[in-house]
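Containing compact mmCIF, C-alpha atoms: structure_6.txt.
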```txt
# COMPACT_ATOMS: atom_id res chain seq x y z
CA MET A 162 0.00 0.00 0.00
CA ASN A 163 1.15 3.51 -0.81
CA PRO A 164 2.86 4.92 2.36
CA ARG A 165 1.68 8.42 1.52
CA LEU A 166 -1.90 7.18 1.48
CA VAL A 167 -1.45 5.48 4.86
CA PHE A 168 0.08 8.63 6.32
CA LYS A 169 -2.83 10.71 5.08
CA ALA A 170 -5.32 8.16 6.40
CA ALA A 171 -3.63 8.21 9.82
CA LEU A 172 -3.88 12.00 9.80
CA VAL A 173 -7.59 11.81 8.98
CA CYS A 174 -8.07 9.28 11.77
CA LEU A 175 -6.28 11.56 14.24
CA LEU A 176 -8.41 14.52 13.17
CA LEU A 177 -11.57 12.47 13.63
CA VAL A 178 -10.43 11.46 17.12
CA LEU A 179 -9.78 15.10 18.02
CA LEU A 180 -13.15 16.11 16.55
CA ALA A 181 -14.94 13.42 18.57
CA GLU A 182 -13.10 14.55 21.73
CA GLY A 183 -14.16 18.13 21.08
CA VAL A 184 -17.80 17.26 20.41
CA LEU A 185 -18.04 15.06 23.52
CA THR A 186 -16.35 17.71 25.68
CA LEU A 187 -18.89 20.28 24.53
CA ALA A 188 -21.80 17.85 24.86
CA LYS A 189 -20.95 16.87 28.41
CA ARG A 190 -21.91 20.30 29.61
CA HIS A 191 -25.49 19.32 28.93
CA ALA A 192 -26.29 16.90 31.70
CA PRO A 193 -29.76 15.92 30.44
CA PHE A 194 -28.19 14.32 27.39
CA PHE A 195 -26.09 12.10 29.60
CA ARG A 196 -28.97 11.14 31.82
CA LEU A 197 -30.07 9.00 28.91
CA PHE A 198 -27.47 6.60 30.18
CA GLN A 199 -28.72 6.78 33.76
CA ASN A 200 -25.97 5.41 35.92
CA GLN A 201 -24.17 3.77 33.04
CA ILE A 202 -21.72 6.59 32.80
CA VAL A 203 -20.66 7.68 36.21
CA SER A 204 -17.65 9.85 35.82
CA CYS A 205 -16.38 12.70 37.91
CA GLU A 206 -17.31 15.19 35.21
CA ILE A 207 -20.90 14.08 34.98
CA LEU A 208 -21.26 14.09 38.71
CA ASP A 209 -19.98 17.65 38.62
CA ASP A 210 -22.68 18.49 36.11
CA LEU A 211 -25.30 16.88 38.29
CA ALA A 212 -23.90 18.75 41.28
CA ALA A 213 -24.29 22.01 39.40
CA CYS A 214 -27.94 21.13 38.70
CA SER A 215 -28.57 20.22 42.30
CA LEU A 216 -26.77 23.26 43.71
CA LYS A 217 -28.74 25.50 41.37
CA SER A 218 -31.97 24.01 42.59
CA GLY A 219 -30.88 24.48 46.24
CA ARG A 220 -32.63 21.24 47.15
CA PRO A 221 -31.22 18.69 49.59
CA LEU A 222 -29.27 15.95 47.85
CA ILE A 223 -29.68 12.29 48.73
CA VAL A 224 -27.31 9.83 47.07
CA VAL A 225 -28.29 6.16 46.95
CA MET A 226 -25.76 3.39 46.35
CA GLY A 227 -26.69 -0.24 46.06
CA ASP A 228 -26.77 -3.32 43.89
CA SER A 229 -29.58 -4.79 41.80
CA VAL A 230 -31.96 -4.52 44.77
CA VAL A 231 -31.76 -0.74 44.41
CA TYR A 232 -31.13 -0.63 40.66
CA GLY A 233 -34.22 -2.76 39.97
CA SER A 234 -32.95 -4.98 37.16
CA ASP A 235 -35.19 -7.77 38.42
CA LEU A 236 -38.20 -5.56 37.78
CA HIS A 237 -37.06 -5.43 34.18
CA ALA A 238 -36.49 -9.20 34.09
CA HIS A 239 -40.07 -9.68 35.30
CA GLY A 240 -41.46 -7.42 32.62
CA VAL A 241 -42.48 -4.52 34.87
CA PRO A 242 -43.25 -1.58 32.56
CA HIS A 243 -41.24 1.59 33.24
CA TRP A 244 -39.16 -0.46 35.62
CA ARG A 245 -36.69 2.29 36.49
CA GLU A 246 -39.64 4.29 37.79
CA GLN A 247 -40.53 1.39 40.07
CA ALA A 248 -37.01 1.06 41.48
CA LEU A 249 -36.15 2.05 45.03
CA ALA A 250 -34.50 5.41 44.33
CA ALA A 251 -37.39 6.52 42.12
CA GLY A 252 -39.77 5.59 44.95
CA LEU A 253 -37.63 7.60 47.36
CA GLN A 254 -37.77 10.57 45.00
CA ARG A 255 -41.59 10.36 44.91
CA GLN A 256 -41.68 10.28 48.71
CA LEU A 257 -39.25 13.21 49.03
CA PRO A 258 -40.26 15.62 46.24
CA GLN A 259 -38.44 18.47 47.97
CA ALA A 260 -35.08 16.67 47.61
CA THR A 261 -32.98 15.47 44.70
CA VAL A 262 -32.35 11.74 44.81
CA LEU A 263 -29.28 10.68 42.85
CA ASP A 264 -29.33 6.98 42.05
CA LEU A 265 -25.80 5.58 41.80
CA SER A 266 -26.84 1.95 42.08
CA LEU A 267 -25.18 -0.65 39.87
CA ASP A 268 -26.08 -4.22 39.10
CA GLY A 269 -23.74 -6.48 41.03
CA ALA A 270 -22.22 -3.63 43.05
CA LEU A 271 -19.65 -4.41 45.75
CA PRO A 272 -18.48 -2.40 48.77
CA GLY A 273 -15.27 -1.66 46.85
CA ASP A 274 -17.40 0.05 44.17
CA TYR A 275 -18.92 2.30 46.83
CA LEU A 276 -15.43 3.61 47.60
CA GLY A 277 -15.02 4.70 43.97
CA LEU A 278 -18.51 6.16 43.76
CA TYR A 279 -18.12 7.95 47.07
CA ALA A 280 -14.81 9.48 45.97
CA ALA A 281 -16.72 11.02 43.06
CA ALA A 282 -19.96 11.81 44.94
CA ARG A 283 -18.38 13.50 47.98
CA ARG A 284 -17.75 16.62 45.90
CA LEU A 285 -21.52 17.05 45.66
CA LYS A 286 -21.64 17.34 49.46
CA PRO A 287 -24.75 15.16 49.75
CA ASP A 288 -27.04 15.74 52.70
CA TRP A 289 -27.45 11.98 53.03
CA ILE A 290 -25.93 8.90 51.48
CA ILE A 291 -27.75 5.59 51.66
CA PHE A 292 -25.70 2.40 51.27
CA GLU A 293 -27.35 -0.92 50.65
CA TYR A 294 -25.45 -4.07 51.65
CA ASN A 295 -26.30 -7.55 50.47
CA TYR A 296 -25.02 -10.96 51.54
CA ARG A 297 -23.52 -11.64 48.10
CA MET A 298 -21.02 -8.82 48.61
CA PHE A 299 -19.41 -10.74 51.45
CA SER A 300 -19.27 -14.16 49.83
CA GLN A 301 -16.02 -16.00 49.23
CA LYS A 302 -16.19 -15.18 45.52
CA PHE A 303 -15.54 -11.50 46.23
CA GLY A 304 -13.09 -12.06 49.09
CA SER A 305 -9.79 -11.39 47.35
CA PRO A 306 -8.49 -7.86 46.61
CA SER A 307 -8.58 -8.50 42.87
CA GLU A 308 -12.33 -9.15 43.14
CA ALA A 309 -13.06 -6.14 45.32
CA VAL A 310 -14.39 -3.89 42.55
CA SER A 311 -17.00 -5.04 40.04
CA ARG A 312 -16.09 -2.51 37.34
CA PRO A 313 -12.44 -1.68 36.75
CA TRP A 314 -13.19 1.94 35.83
CA LEU A 315 -14.35 2.57 39.39
CA ARG A 316 -10.79 2.10 40.58
CA GLY A 317 -9.94 5.11 38.44
CA LEU A 318 -12.32 7.30 40.46
CA MET A 319 -10.91 6.45 43.87
CA SER A 320 -9.18 9.11 45.89
CA GLN A 321 -6.62 6.54 47.00
CA PRO A 322 -6.01 3.17 45.41
CA LEU A 323 -8.05 0.44 47.04
CA PHE A 324 -5.70 -2.18 48.49
CA PRO A 325 -2.46 -0.48 47.42
CA ALA A 326 -0.68 -3.83 47.57
CA LEU A 327 -2.63 -4.92 44.52
CA PRO A 328 -0.24 -4.75 41.58
CA GLN A 329 -1.38 -2.48 38.79
CA THR A 330 -0.56 -3.81 35.35
CA ALA A 331 0.76 -1.58 32.59
CA GLY A 332 -2.63 -1.99 30.89
CA ASP A 333 -4.43 -0.70 34.00
CA LYS A 334 -2.16 2.34 34.10
CA ILE A 335 -2.76 3.13 30.45
CA LYS A 336 -6.51 2.75 30.93
CA SER A 337 -6.47 5.00 33.96
CA VAL A 338 -4.61 7.73 32.03
CA LEU A 339 -6.95 7.33 29.05
CA ARG A 340 -9.97 7.63 31.34
CA LYS A 341 -8.60 10.93 32.64
CA VAL A 342 -7.66 12.50 29.34
CA SER A 343 -10.09 11.08 26.81
CA GLN A 344 -13.83 11.62 26.66
CA LEU A 345 -13.93 9.23 23.75
CA TYR A 346 -12.41 6.45 25.82
CA ARG A 347 -14.83 7.04 28.71
CA TYR A 348 -17.80 6.96 26.38
CA ALA A 349 -16.52 3.89 24.57
CA GLU A 350 -16.49 2.16 27.97
CA ALA A 351 -19.98 3.44 28.65
CA PHE A 352 -21.30 2.25 25.30
CA ARG A 353 -19.90 -1.15 26.10
CA ASP A 354 -22.07 -1.06 29.23
CA ALA A 355 -25.02 0.15 27.20
CA PHE A 356 -24.56 -2.69 24.75
CA PHE A 357 -24.96 -5.18 27.55
CA PHE A 358 -27.88 -3.27 29.05
CA PRO A 359 -29.48 -4.12 31.37
CA SER A 360 -27.31 -7.15 32.01
CA ARG A 361 -24.90 -9.52 30.38
CA GLU A 362 -27.36 -12.31 31.17
CA GLU A 363 -30.03 -10.53 29.14
CA VAL A 364 -27.76 -10.38 26.10
CA ILE A 365 -26.93 -14.06 26.45
CA ASN A 366 -30.67 -14.79 26.75
CA ARG A 367 -31.39 -12.89 23.55
CA LEU A 368 -28.65 -14.73 21.69
CA LEU A 369 -29.73 -18.08 23.10
CA ALA A 370 -33.34 -17.43 22.13
CA GLN A 371 -32.22 -17.10 18.52
CA VAL A 372 -30.25 -20.32 18.58
CA LEU A 373 -32.57 -22.36 20.77
CA PRO A 374 -35.98 -20.70 20.47
CA SER A 375 -37.80 -23.56 22.16
CA ARG A 376 -35.58 -23.70 25.23
CA SER A 377 -34.41 -20.23 26.00
CA LEU A 378 -33.58 -19.16 29.53
CA ARG A 379 -36.94 -17.43 29.63
CA ASP A 380 -38.47 -20.68 30.78
CA PRO A 381 -39.44 -20.00 34.43
CA GLY A 382 -38.24 -23.42 35.60
CA ASP A 383 -34.86 -23.01 33.92
CA ARG A 384 -34.52 -19.48 35.24
CA GLU A 385 -35.27 -20.63 38.76
CA MET A 386 -32.73 -23.44 38.49
CA LEU A 387 -30.09 -21.11 37.03
CA LEU A 388 -30.75 -18.52 39.71
CA LYS A 389 -30.25 -21.10 42.43
CA LEU A 390 -27.05 -22.34 40.78
CA LYS A 391 -25.83 -18.78 40.62
CA ILE A 392 -26.69 -17.58 44.10
CA LYS A 393 -26.03 -20.74 46.07
CA PRO A 394 -22.24 -20.15 46.15
CA HIS A 395 -22.93 -16.67 47.53
CA TYR A 396 -25.08 -18.01 50.35
CA TYR A 397 -23.15 -21.23 50.90
CA THR A 398 -20.01 -19.41 51.80
CA PRO A 399 -17.36 -19.94 54.51
CA LEU A 400 -17.11 -17.94 57.68
CA LEU A 401 -16.17 -14.30 57.12
CA THR A 402 -12.64 -13.27 58.06
CA PRO A 403 -11.29 -9.73 58.59
CA GLU A 404 -9.18 -10.17 55.44
CA HIS A 405 -12.27 -10.33 53.24
CA ALA A 406 -11.98 -7.58 50.62
CA GLY A 407 -15.62 -6.55 51.12
CA LEU A 408 -15.17 -6.05 54.86
CA GLN A 409 -11.96 -4.13 54.31
CA ALA A 410 -13.67 -1.89 51.77
CA VAL A 411 -16.51 -1.22 54.23
CA GLN A 412 -13.98 -0.16 56.85
CA LEU A 413 -12.09 2.09 54.44
CA LEU A 414 -15.37 3.62 53.30
CA GLU A 415 -16.54 4.26 56.85
CA ASN A 416 -13.18 5.91 57.66
CA GLU A 417 -13.64 8.26 54.70
CA LEU A 418 -17.25 9.01 55.64
CA ARG A 419 -16.22 9.84 59.19
CA ARG A 420 -13.33 12.03 58.04
CA ASP A 421 -15.83 13.98 55.92
CA GLN A 422 -18.48 13.95 58.67
CA GLN A 423 -20.82 12.67 55.97
CA PRO A 424 -24.25 11.68 57.33
CA HIS A 425 -25.19 8.29 55.98
CA LEU A 426 -27.41 5.32 56.48
CA ALA A 427 -26.20 1.81 55.75
CA PHE A 428 -28.53 -1.15 55.80
CA PHE A 429 -28.44 -4.88 55.26
CA THR A 430 -31.10 -5.44 52.66
CA PRO A 431 -34.30 -7.44 53.31
CA GLN A 432 -33.96 -11.14 52.51
CA ASN A 433 -36.57 -13.73 51.67
CA GLN A 434 -36.17 -15.91 54.77
CA GLU A 435 -38.04 -18.86 53.22
CA TYR A 436 -35.80 -18.86 50.17
CA ILE A 437 -32.67 -18.39 52.24
CA THR A 438 -33.34 -21.48 54.37
CA GLU A 439 -33.26 -23.51 51.14
CA ILE A 440 -29.97 -22.17 49.81
CA ALA A 441 -27.87 -20.76 52.66
CA ASP A 442 -25.33 -22.68 54.67
CA PRO A 443 -27.21 -23.13 57.99
CA HIS A 444 -23.99 -22.86 59.98
CA THR A 445 -22.28 -19.86 58.42
CA TRP A 446 -25.36 -17.78 57.44
CA PRO A 447 -26.33 -16.71 61.00
CA ARG A 448 -22.72 -16.37 62.10
CA ASN A 449 -21.73 -14.29 59.10
CA LEU A 450 -24.76 -12.07 59.63
CA ALA A 451 -23.69 -11.58 63.25
CA ILE A 452 -20.16 -10.67 62.08
CA LEU A 453 -21.55 -8.15 59.57
CA ASP A 454 -23.85 -6.68 62.23
CA SER A 455 -21.03 -6.32 64.70
CA ILE A 456 -18.66 -4.68 62.21
CA LEU A 457 -21.18 -2.38 60.52
CA GLY A 458 -22.86 -1.72 63.88
CA SER A 459 -19.58 -0.76 65.54
CA LEU A 460 -18.86 1.72 62.74
CA ALA A 461 -22.19 3.45 63.25
CA ASP A 462 -22.90 5.94 66.04
CA GLN A 463 -26.67 6.02 65.31
CA LYS A 464 -26.55 9.82 65.45
CA ARG A 465 -25.11 10.77 62.08
CA PHE A 466 -23.89 7.41 60.87
CA PHE A 467 -26.57 4.76 60.93
CA TYR A 468 -26.66 1.04 60.35
CA TRP A 469 -29.76 -1.15 60.37
CA ASN A 470 -30.06 -4.84 59.68
CA TRP A 471 -33.34 -5.22 57.81
CA GLY A 472 -32.70 -8.82 56.76
CA ALA A 473 -35.95 -10.09 58.27
CA LEU A 474 -38.14 -7.08 57.55
CA TYR A 475 -40.54 -8.45 54.94
CA PRO A 476 -42.54 -11.66 54.35
CA ALA A 477 -41.78 -14.08 51.50
CA ASP A 478 -44.43 -12.62 49.17
CA ALA A 479 -42.54 -9.30 49.14
CA PHE A 480 -39.85 -10.86 46.95
CA TYR A 481 -39.37 -12.15 43.44
CA ASP A 482 -36.58 -14.40 44.66
CA HIS A 483 -34.04 -14.36 47.49
CA CYS A 484 -33.75 -10.58 47.88
CA HIS A 485 -35.33 -8.58 45.04
CA LEU A 486 -38.50 -6.79 46.06
CA VAL A 487 -41.69 -6.67 43.99
CA PRO A 488 -42.82 -3.12 43.01
CA ARG A 489 -45.39 -2.80 45.81
CA TYR A 490 -42.78 -3.54 48.46
CA ASN A 491 -40.22 -1.32 46.75
CA GLU A 492 -42.70 1.49 47.31
CA THR A 493 -43.28 0.43 50.94
CA PHE A 494 -39.53 0.24 51.50
CA ALA A 495 -38.97 3.62 49.85
CA LYS A 496 -41.68 5.14 52.06
CA MET A 497 -40.01 3.75 55.16
CA LEU A 498 -36.56 4.99 54.09
CA ALA A 499 -37.99 8.42 53.25
CA GLY A 500 -39.57 8.62 56.71
CA ILE A 501 -36.28 7.75 58.37
CA ILE A 502 -34.29 10.22 56.27
CA ALA A 503 -36.83 13.00 56.80
CA ASP A 504 -36.58 12.36 60.53
CA GLY A 505 -32.80 12.58 60.65
CA GLY A 506 -32.17 8.83 60.71
CA ARG A 507 -34.55 7.92 63.53
CA ARG A 508 -35.74 4.37 63.47
CA ASP A 509 -39.37 4.96 64.49
CA HIS A 510 -40.46 4.45 60.91
CA VAL A 511 -39.18 0.90 60.62
CA GLN A 512 -42.16 -1.35 60.19
CA ARG A 513 -41.74 -5.05 60.24
CA LEU A 514 -44.38 -6.68 58.09
CA GLU A 515 -45.39 -10.30 58.62
CA MET B 268 -12.20 -0.01 -9.48
CA PHE B 269 -10.41 2.64 -7.39
CA ASN B 270 -8.32 3.88 -10.28
CA GLY B 271 -10.53 6.84 -10.96
CA TRP B 272 -10.72 7.90 -7.34
CA ASN B 273 -8.85 10.81 -6.01
CA GLU B 274 -6.15 9.76 -3.54
CA ASN B 275 -7.50 12.17 -0.95
CA ILE B 276 -10.91 10.54 -0.96
CA ARG B 277 -9.29 7.16 -0.58
CA ALA B 278 -7.16 8.48 2.28
CA PHE B 279 -10.28 9.93 3.92
CA LEU B 280 -12.19 6.66 3.62
CA LEU B 281 -9.22 4.69 4.93
CA GLY B 282 -8.86 7.16 7.83
CA LEU B 283 -12.58 6.83 8.57
CA ALA B 284 -12.20 3.05 8.55
CA PHE B 285 -9.25 3.33 10.99
CA PHE B 286 -11.34 5.58 13.22
CA LEU B 287 -14.34 3.22 13.23
CA LEU B 288 -12.02 0.30 13.89
CA LEU B 289 -10.50 2.21 16.79
CA ILE B 290 -13.96 2.85 18.25
CA LEU B 291 -14.90 -0.81 17.85
CA ILE B 292 -11.66 -1.86 19.53
CA LEU B 293 -12.31 0.60 22.36
CA ILE B 294 -15.83 -0.71 22.85
CA PHE B 295 -15.42 -4.43 22.34
CA GLY B 296 -11.72 -5.06 22.16
CA GLN B 297 -10.89 -5.59 25.79
CA ASP B 298 -12.02 -7.22 28.96
CA LEU B 299 -14.89 -8.97 27.26
CA SER B 300 -13.53 -12.29 28.41
CA SER B 301 -13.68 -11.07 31.98
CA SER B 302 -16.68 -12.61 33.67
CA LYS B 303 -17.70 -9.47 35.42
CA PHE B 304 -16.56 -6.45 33.57
CA ILE B 305 -19.88 -4.87 32.96
CA TYR B 306 -22.77 -6.34 34.79
CA VAL B 307 -22.33 -9.10 37.23
CA ASP B 308 -25.80 -10.12 36.13
CA PHE B 309 -27.35 -9.72 39.54
```
Could I get this file's structure written as structure tokens?
Amino acid sequence: MNPRLVFKAALVCLLLVLLAEGVLTLAKRHAPFFRLFQNQIVSCEILDDLAACSLKSGRPLIVVMGDSVVYGSDLHAHGVPHWREQALAAGLQRQLPQATVLDLSLDGALPGDYLGLYAAARRLKPDWIIFEYNYRMFSQKFGSPSEAVSRPWLRGLMSQPLFPALPQTAGDKIKSVLRKVSQLYRYAEAFRDAFFFPSREEVINRLLAQVLPSRSLRDPGDREMLLKLKIKPHYYTPLLTPEHAGLQAVQLLENELRRDQQPHLAFFTPQNQEYITEIADPHTWPRNLAILDSILGSLADQKRFFYWNWGALYPADAFYDHCHLVPRYNETFAKMLAGIIADGGRRDHVQRLE
Amino acid sequence: MFNGWNENIRAFLLGLAFFLLLILILIFGQDLSSSKFIYVDF
């Protein structure tokens, strides 16, 4: 091939990259455009944009962090129309119309992710942050430092590297620099998320349905079986040790929250007790819960920093499965949380439903 | 087939192809083998 042609083509490519960078930099000033992606693209810049919106409005800001229980992907999986509107944070927003509720929940979130999200969100000076904790986060699968963060880009947001002993590969360093300097790179990562929206499982389902239309994973029996296969290792997990990456991340996070005097409410999310007795290890489940309660409880002062274990709050019919709430109970839960937040964290609003 | 084409147009199209390839590599070219890069399907 003619080298002059290749040189010119490379020049054109470079110009197109610069053009794309310029367009994205200009576009990012318009937060509503980016809200299309909901929490798919959480970057410092977008949080800054959101902060500007919230500061302009002068309304109290409540940030919510959690996994699929908060994000509501199971609502989508069960065909709930307008499922994001039925999710917990949207319910909280309906209950607290005078505040701005910023939903930073992520499917499959881990405590390590919260550290990255908090490093970005603390600039917004939220009035409250709500953290949802689930049993999965403390299973053996996520116990090692390399498993502490569910999305590598969150490490790039952190104020200090999580588990500094963890070696950073040359690839990680390049990615982290690219994330800082290139809008195009950040959005390419976000589009990759969008492609797999709302979950990788959903994409696999769609592909499978084309190949095996008669036996796709949409079959309720198959789904149930797969779900149990998937979650059993999370609930059939050894005794928690202080070295567990999730516990360490919780402690680091609490240290940062205290340093910033950041009011927050952490809770262990409601669990379907009937389902749990089928899948959880009967020996380690209660003991691990006690360990979590003692650690998270000791980090809370119940004045500005709250922790509640709501594992046994709701009856079995409140759930789709082991922990995901049906829309009606999402609303009930949101109402309860709103009451507690509006009352400065007081527990009087906790209602146990049998 | 390309004989009649201006070299600049060919360079532009090739550059555009490079650019699109770059975007595709950025989006799909890495970490896809990782079991939990995007959504941990929970």
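Pairwise distance (atom CA of Leu400 of chain A, atom CA of Arg448 of chain A) equals 7.3 Å.
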*Mind pulling up the distance from atom CA of Ala282 of chain A to atom CA of Ser300 of chain A?*
26.4 Å
*Please provide as a PyMOL selection string all residues within 12 Å of Ala284 of chain B, with the sequence filter that same-chain residues fewer than 5 positions apart are discarded (counting all atoms listed in the file).*
(chain A and resi 167+170-171+173-175+177) or (chain B and resi 277-279+289-291)
Extract, using only C-alpha atoms, all DNA, RNA and protein residues at most 7 Å from segment 253-256 of chain A, discarding same-chain residues fewer than 4 positions from it, and format them as a JSON list (two decimals) with C-alpha atoms, keeping the file's coordinate frame.
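Once everything was written out, this is around.json:
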```json
[["chain", "number", "residue", "atom", "x", "y", "z"],
["A", 249, "LEU", "CA", -36.15, 2.05, 45.03],
["A", 261, "THR", "CA", -32.98, 15.47, 44.70],
["A", 262, "VAL", "CA", -32.35, 11.74, 44.81],
["A", 495, "ALA", "CA", -38.97, 3.62, 49.85],
["A", 496, "LYS", "CA", -41.68, 5.14, 52.06],
["A", 499, "ALA", "CA", -37.99, 8.42, 53.25]]
```
*Mind pulling up the distance from atom CA of Arg283 of chain A to atom CA of Gly505 of chain A?*
19.2 Å
